[in-house]
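Each remark here refers to the structure printed beneath this line.
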Amino acid sequence: MDGAATAVGGGAGLRRLTRGDGDGQSVRPVVLLGVRRGHGGLGSALPTAPQNGKQLRIGIAFGDTLTWKSDQDLAIGLDDAVELGAKWIRVDLSWNNIQPDSPKSYVWKRFDRVVKAAHARKLEVLPTIGYTPGWARKAGCTDDPSCPPAHPEVFAGFARDAAQRYAPQGIHVWEIWNEPNIPFWAPKPDAAAYTQLLTVTSKALRGADPKAYLLMGGLAAVATNPQQAYVSHTEFLEQVCKLGGNKLVDALSYHPYTYPHLPSAKTDFGTAMEEISSARDNLVAVLDKYGTPNMPIWITETGAPTNGPGGAADGRTIPPDASHVTEGFQADIASDTIPAAAANPHVTAVFWFAEQDAGTAKDKQRRSLFYGLRRYDGSRKPAFQAFKDAVAAYYRRPQTP
């Protein structure tokens, strides 16, 4: 999830709350609040460099929610993705869910159900592989699925098993971990350890799936803050690149939440979107420095929450204690997200987080629960139609040869 949020939904114990949930943090001038088609043959068809005439891949990020939904609610969520015009869904393929009790037993049926239902709707599935079961966690870090594995090779073995199961079903794009630059790599980020995991896991995935197209784990757009155990996205990427990690993947995954500003905002401080390629410190500059200047960037999460512990920014004013945005301004952000992503030639995919809120007013201390296009009761926020209209407008645009 974003740097201020967590996975939402039930079931797997992945409810880690990080920055911005009940911490009273207010909006600062710098945005730090949260701050291709067709199955088979997909990997070889994906571009390896930015292209002005690219077709943006548009998706909805569901985190770890879909696997725990009833059949009816799963259908609603996936039907929403289709109605919104998304061609992709991003879902956690949690090791902790699949092998919760033992290295000798597997519980694939919940994820199987999601894959089957998604493919029935012609939706591509981007699995984010991560989250360690208790029996495999690193010593001294045993109470949290975000703990890294004690032995990266065992995690790589799970990734291999997943690829062997799902590549024949048309899944060829794999994201390796989620937000390793914040305590989704518990208890604190470790670029060297993550690169070691990336090394063995990329080898295992490609060994099992020759068409595998690999994404580095989505980087949270945060500033380095030792007190919160955050390493900035640019700093963490540089640390990984120094160890050769950028040469192990095909694309970089990134989570540029820009609220309380629009994704297309041009600023003197650099929003999370500007930090892709135009701000003073930016991801493309790091990739260029380490030999991969044309690496595609997938925005696998972005959005804005409509409830939180503080005030709401409305697009005109930002309260001193702002923690979220109004529903009207969320709709403006949803309208702006697709054209802003399409305008950057380095960006080849964009996923909105999330489809539905996972909390009610009593949960407002946890703004991570309020990024949905639907409210908790299922009613649609204005952002639902705004995002749908923006996607439709994108597909209607003149095609560049």
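Ordering of the structure tokens sets the chain letters (A, B, ...); residue numbers start at 1 within each chain; ligands are numbered from 1 in the order shown.
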Quiz prompt | Residue set, range 184-299 of chain A restricted to strand (DSSP E), as a ChimeraX atom specification | solution = /A:213-220,251-255,297-299
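DSSP on the backbone gives alpha helix (DSSP H) for these parts of range 238-338 of chain A: A:Glu238, A:Gln239, A:Val240, A:Cys241, A:Lys242, A:Leu283, A:Val284, A:Ala285, A:Val286, A:Leu287, A:Asp288, A:Lys289, A:Glu327, A:Gly328, A:Phe329, A:Gln330, A:Ala331, A:Asp332, A:Ile333, A:Ala334, A:Ser335, A:Asp336, A:Thr337, A:Ile338.
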Quiz item: Residues at most 6 Å from range 141-146 of chain A, counting only C-alpha atoms, excluding those fewer than 2 positions away in the same chain, as a PyMOL selection string?
Solution: chain A and resi 131-132+137-139+184-186
Practice problem: Return the single residue from A:Val82, A:Ala354, A:Ala313, A:Ala390 that is closest to Ala334 in chain A, with distances computed using only C-alpha atoms. | Solution: A:Ala390
Exercise. With a distance cut-off of 10 Å and only C-alpha atoms, select the neighbouring residues of Ile333 in chain A, excluding the residue or stretch itself and same-chain residues fewer than 5 positions from it, and output the selection as a PyMOL selection string.
Key: chain A and resi 258-264+302-304+315+325+327-328+338+340+383+386-387
Counting only C-alpha atoms, what are the residues of range 342-393 of chain A within 10 Å of range 60-78 of chain A, and for each of them which pair of atoms is the nearest and at what distance in Å, to one decimal? Sort the table by chain and rising number, as CSV.
```
residue,atom,partner,partner_atom,distance
A:Val350,CA,A:Ile60,CA,8.3
A:Phe351,CA,A:Ile60,CA,4.9
A:Trp352,CA,A:Ile60,CA,4.9
A:Phe353,CA,A:Ala61,CA,4.9
A:Ala354,CA,A:Ala61,CA,5.7
A:Glu355,CA,A:Phe62,CA,6.7
A:Gln356,CA,A:Gly77,CA,8.1
A:Ala358,CA,A:Thr65,CA,9.2
A:Gly372,CA,A:Phe62,CA,9.6
A:Arg374,CA,A:Gly77,CA,10.0
A:Gly378,CA,A:Ile76,CA,9.6
```
Could you save those same residues with C-alpha atoms as a PDB file, in the first residue's frame?
```pdb
ATOM      1  CA  VAL A 350      -0.984   2.602 -13.658  1.00  0.00           C
ATOM      2  CA  PHE A 351      -3.122   0.882 -10.991  1.00  0.00           C
ATOM      3  CA  TRP A 352      -5.625   2.666  -8.739  1.00  0.00           C
ATOM      4  CA  PHE A 353      -5.757   1.622  -5.092  1.00  0.00           C
ATOM      5  CA  ALA A 354      -8.439   0.675  -4.080  1.00  0.00           C
ATOM      6  CA  GLU A 355     -11.809  -0.590  -5.278  1.00  0.00           C
ATOM      7  CA  GLN A 356     -13.715  -0.328  -1.965  1.00  0.00           C
ATOM      8  CA  ALA A 358     -12.587  -1.417   4.268  1.00  0.00           C
ATOM      9  CA  GLY A 372     -11.793   3.006  -2.267  1.00  0.00           C
ATOM     10  CA  ARG A 374     -16.767   2.627  -3.300  1.00  0.00           C
ATOM     11  CA  GLY A 378     -20.956  -0.479  -1.417  1.00  0.00           C
TER      12      GLY A 378
END
```
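Distance annotation: of A:Val115, A:Phe236, A:Gly130, A:Asp80, the residue with the minimal separation from Asn96 in chain A is A:Gly130; atom set is only C-alpha atoms.
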Can you write out as a tab-separated table which residues of range 142-236 of chain A fall within 9 Å of range 265-286 of chain A, alongside each residue's closest atom pair and its distance in Å to one decimal, counting only C-alpha atoms and ordering rows by chain and ascending residue number?
```
residue	atom	partner	partner_atom	distance
A:Ala221	CA	A:Ala272	CA	6.0
A:Val222	CA	A:Ala272	CA	8.3
A:His233	CA	A:Leu283	CA	7.7
A:Thr234	CA	A:Leu283	CA	5.7
A:Glu235	CA	A:Val286	CA	8.8
```
Next, the residues of the selection above should be written as a PDB file, in the first residue's frame with N, CA and C atoms.
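Result file is selection35.pdb:
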```pdb
ATOM      1  N   ALA A 221       6.612   5.996  -1.909  1.00  0.00           N
ATOM      2  CA  ALA A 221       7.139   7.352  -2.099  1.00  0.00           C
ATOM      3  C   ALA A 221       7.213   8.048  -0.738  1.00  0.00           C
ATOM      4  N   VAL A 222       8.355   7.940  -0.092  1.00  0.00           N
ATOM      5  CA  VAL A 222       8.550   8.494   1.248  1.00  0.00           C
ATOM      6  C   VAL A 222       9.901   9.187   1.316  1.00  0.00           C
ATOM      7  N   HIS A 233      12.495   6.344  -1.657  1.00  0.00           N
ATOM      8  CA  HIS A 233      12.434   5.512  -2.857  1.00  0.00           C
ATOM      9  C   HIS A 233      13.687   5.665  -3.712  1.00  0.00           C
ATOM     10  N   THR A 234      14.197   6.898  -3.831  1.00  0.00           N
ATOM     11  CA  THR A 234      15.405   7.084  -4.644  1.00  0.00           C
ATOM     12  C   THR A 234      16.638   6.525  -3.946  1.00  0.00           C
ATOM     13  N   GLU A 235      16.732   6.712  -2.643  1.00  0.00           N
ATOM     14  CA  GLU A 235      17.886   6.205  -1.915  1.00  0.00           C
ATOM     15  C   GLU A 235      17.907   4.678  -1.910  1.00  0.00           C
TER      16      GLU A 235
END
```
Quiz item: With distances taken over only C-alpha atoms, which of A:Pro296, A:Gly359, A:Gly59, A:Pro339 is nearest to Ala393 in chain A?
Solution: A:Pro339
Self-check item: Contacts of range 155-157 of chain A at 12 Å (only C-alpha atoms; same-chain gap of 3+ positions) as number ranges by chain
Solution: A: 94-96, 98-99, 103, 129-133, 135-138, 147-152, 160-164, 176-177, 194, 196-208
Since we have the selection now, will you write its residues out, keeping N, CA and C atoms, as a short mmCIF file (atom, residue, chain, number, x, y, z; two decimals), in the first residue's frame?
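Heads up, here's the output in again_37.cif:
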```cif
data_model
loop_
_atom_site.label_atom_id
_atom_site.label_comp_id
_atom_site.auth_asym_id
_atom_site.auth_seq_id
_atom_site.Cartn_x
_atom_site.Cartn_y
_atom_site.Cartn_z
N SER A 94 0.22 -14.06 -1.31
CA SER A 94 0.89 -14.09 -0.02
C SER A 94 1.37 -15.49 0.33
N TRP A 95 2.66 -15.60 0.51
CA TRP A 95 3.24 -16.87 0.96
C TRP A 95 2.61 -17.28 2.29
N ASN A 96 2.32 -16.30 3.12
CA ASN A 96 1.71 -16.56 4.41
C ASN A 96 0.31 -17.17 4.27
N ILE A 98 -0.60 -19.05 1.50
CA ILE A 98 -0.52 -20.31 0.75
C ILE A 98 0.10 -21.43 1.59
N GLN A 99 1.11 -21.10 2.39
CA GLN A 99 1.75 -22.10 3.24
C GLN A 99 1.77 -21.61 4.70
N PRO A 103 6.04 -26.05 5.50
CA PRO A 103 6.61 -26.05 4.15
C PRO A 103 6.11 -27.20 3.30
N ILE A 129 4.28 -11.15 -4.95
CA ILE A 129 4.71 -12.28 -4.13
C ILE A 129 5.44 -11.75 -2.90
N GLY A 130 4.95 -12.11 -1.73
CA GLY A 130 5.59 -11.63 -0.51
C GLY A 130 4.95 -12.21 0.73
N TYR A 131 5.36 -11.72 1.88
CA TYR A 131 4.77 -12.00 3.18
C TYR A 131 5.06 -13.44 3.65
N THR A 132 5.81 -13.49 4.73
CA THR A 132 6.43 -14.73 5.18
C THR A 132 5.60 -15.44 6.26
N PRO A 133 5.34 -16.73 6.10
CA PRO A 133 4.65 -17.46 7.16
C PRO A 133 5.53 -17.59 8.40
N TRP A 135 6.63 -19.96 10.22
CA TRP A 135 7.66 -20.99 10.28
C TRP A 135 8.91 -20.62 9.47
N ALA A 136 8.81 -19.62 8.59
CA ALA A 136 9.94 -19.28 7.70
C ALA A 136 10.56 -17.93 7.98
N ARG A 137 10.09 -17.24 9.03
CA ARG A 137 10.57 -15.87 9.27
C ARG A 137 11.96 -15.83 9.88
N LYS A 138 12.61 -14.70 9.65
CA LYS A 138 13.95 -14.48 10.17
C LYS A 138 13.93 -14.44 11.69
N CYS A 147 7.96 -9.68 7.99
CA CYS A 147 9.33 -10.11 8.28
C CYS A 147 9.90 -10.83 7.06
N PRO A 148 11.16 -10.59 6.74
CA PRO A 148 11.77 -11.32 5.62
C PRO A 148 11.98 -12.78 5.98
N PRO A 149 12.14 -13.62 4.99
CA PRO A 149 12.40 -15.03 5.27
C PRO A 149 13.80 -15.24 5.84
N ALA A 150 13.91 -16.22 6.70
CA ALA A 150 15.23 -16.56 7.25
C ALA A 150 16.16 -17.02 6.14
N HIS A 151 15.61 -17.69 5.15
CA HIS A 151 16.41 -18.22 4.04
C HIS A 151 15.76 -17.78 2.72
N PRO A 152 16.36 -16.83 2.02
CA PRO A 152 15.78 -16.35 0.76
C PRO A 152 15.52 -17.47 -0.25
N ARG A 160 8.93 -20.12 -7.26
CA ARG A 160 9.01 -21.11 -8.34
C ARG A 160 7.74 -21.94 -8.40
N ASP A 161 7.27 -22.40 -7.24
CA ASP A 161 6.04 -23.19 -7.20
C ASP A 161 4.86 -22.39 -7.76
N ALA A 162 4.79 -21.10 -7.40
CA ALA A 162 3.70 -20.26 -7.89
C ALA A 162 3.77 -20.12 -9.40
N ALA A 163 4.96 -19.90 -9.93
CA ALA A 163 5.10 -19.75 -11.37
C ALA A 163 4.75 -21.05 -12.11
N GLN A 164 5.17 -22.16 -11.54
CA GLN A 164 4.84 -23.44 -12.17
C GLN A 164 3.33 -23.68 -12.20
N ILE A 176 8.01 -8.73 -7.07
CA ILE A 176 8.73 -9.41 -6.00
C ILE A 176 8.78 -8.51 -4.76
N TRP A 177 7.88 -8.79 -3.83
CA TRP A 177 7.69 -8.09 -2.55
C TRP A 177 6.96 -6.78 -2.77
N TYR A 194 17.26 -7.38 0.61
CA TYR A 194 16.25 -7.43 -0.43
C TYR A 194 16.87 -7.82 -1.77
N GLN A 196 19.46 -9.66 -2.23
CA GLN A 196 19.73 -11.10 -2.16
C GLN A 196 18.47 -11.89 -2.47
N LEU A 197 17.34 -11.46 -1.89
CA LEU A 197 16.07 -12.12 -2.17
C LEU A 197 15.72 -11.99 -3.65
N LEU A 198 15.93 -10.80 -4.20
CA LEU A 198 15.64 -10.55 -5.61
C LEU A 198 16.49 -11.44 -6.51
N THR A 199 17.73 -11.65 -6.13
CA THR A 199 18.65 -12.46 -6.94
C THR A 199 18.16 -13.88 -7.08
N VAL A 200 17.87 -14.52 -5.95
CA VAL A 200 17.47 -15.93 -6.01
C VAL A 200 16.05 -16.10 -6.54
N THR A 201 15.18 -15.12 -6.24
CA THR A 201 13.79 -15.24 -6.67
C THR A 201 13.65 -14.99 -8.17
N SER A 202 14.37 -14.03 -8.71
CA SER A 202 14.30 -13.79 -10.15
C SER A 202 14.79 -15.02 -10.93
N LYS A 203 15.83 -15.64 -10.42
CA LYS A 203 16.34 -16.85 -11.07
C LYS A 203 15.30 -17.97 -11.02
N ALA A 204 14.64 -18.12 -9.87
CA ALA A 204 13.65 -19.18 -9.72
C ALA A 204 12.44 -18.93 -10.61
N LEU A 205 11.97 -17.70 -10.69
CA LEU A 205 10.81 -17.39 -11.52
C LEU A 205 11.11 -17.61 -12.99
N ARG A 206 12.26 -17.16 -13.42
CA ARG A 206 12.60 -17.32 -14.84
C ARG A 206 12.86 -18.78 -15.18
N GLY A 207 13.36 -19.53 -14.21
CA GLY A 207 13.56 -20.95 -14.45
C GLY A 207 12.25 -21.69 -14.63
N ALA A 208 11.23 -21.25 -13.88
CA ALA A 208 9.93 -21.91 -13.96
C ALA A 208 9.07 -21.36 -15.10
#
```
Quiz item: Can you tell me how far CA of Pro100 in chain A sits from CA of Glu153 in chain A, in Å to one decimal?
Solution: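 Distance reported for this atom pair: 17.5 Å.
Between CA of Trp174 in chain A and CA of Ala120 in chain A there is a distance of 20.0 Å.
Nearest-residue note for Val231 in chain A: choosing from A:Leu248, A:Ala191, A:Ala312, A:Ala361, the minimum distance belongs to A:Ala191, counting only C-alpha atoms.
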Self-check item: Spatial neighbours of Ala349 in chain A, max dist 7 Å, only C-alpha atoms, sep filter under 6 positions, as a PyMOL selection string
Solution: chain A and resi 56-58+298-299
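Minimum distance to Leu126 in chain A across A:Ser323, A:Thr360, A:Ser368, A:Thr300 (counting only C-alpha atoms) occurs at A:Thr300.
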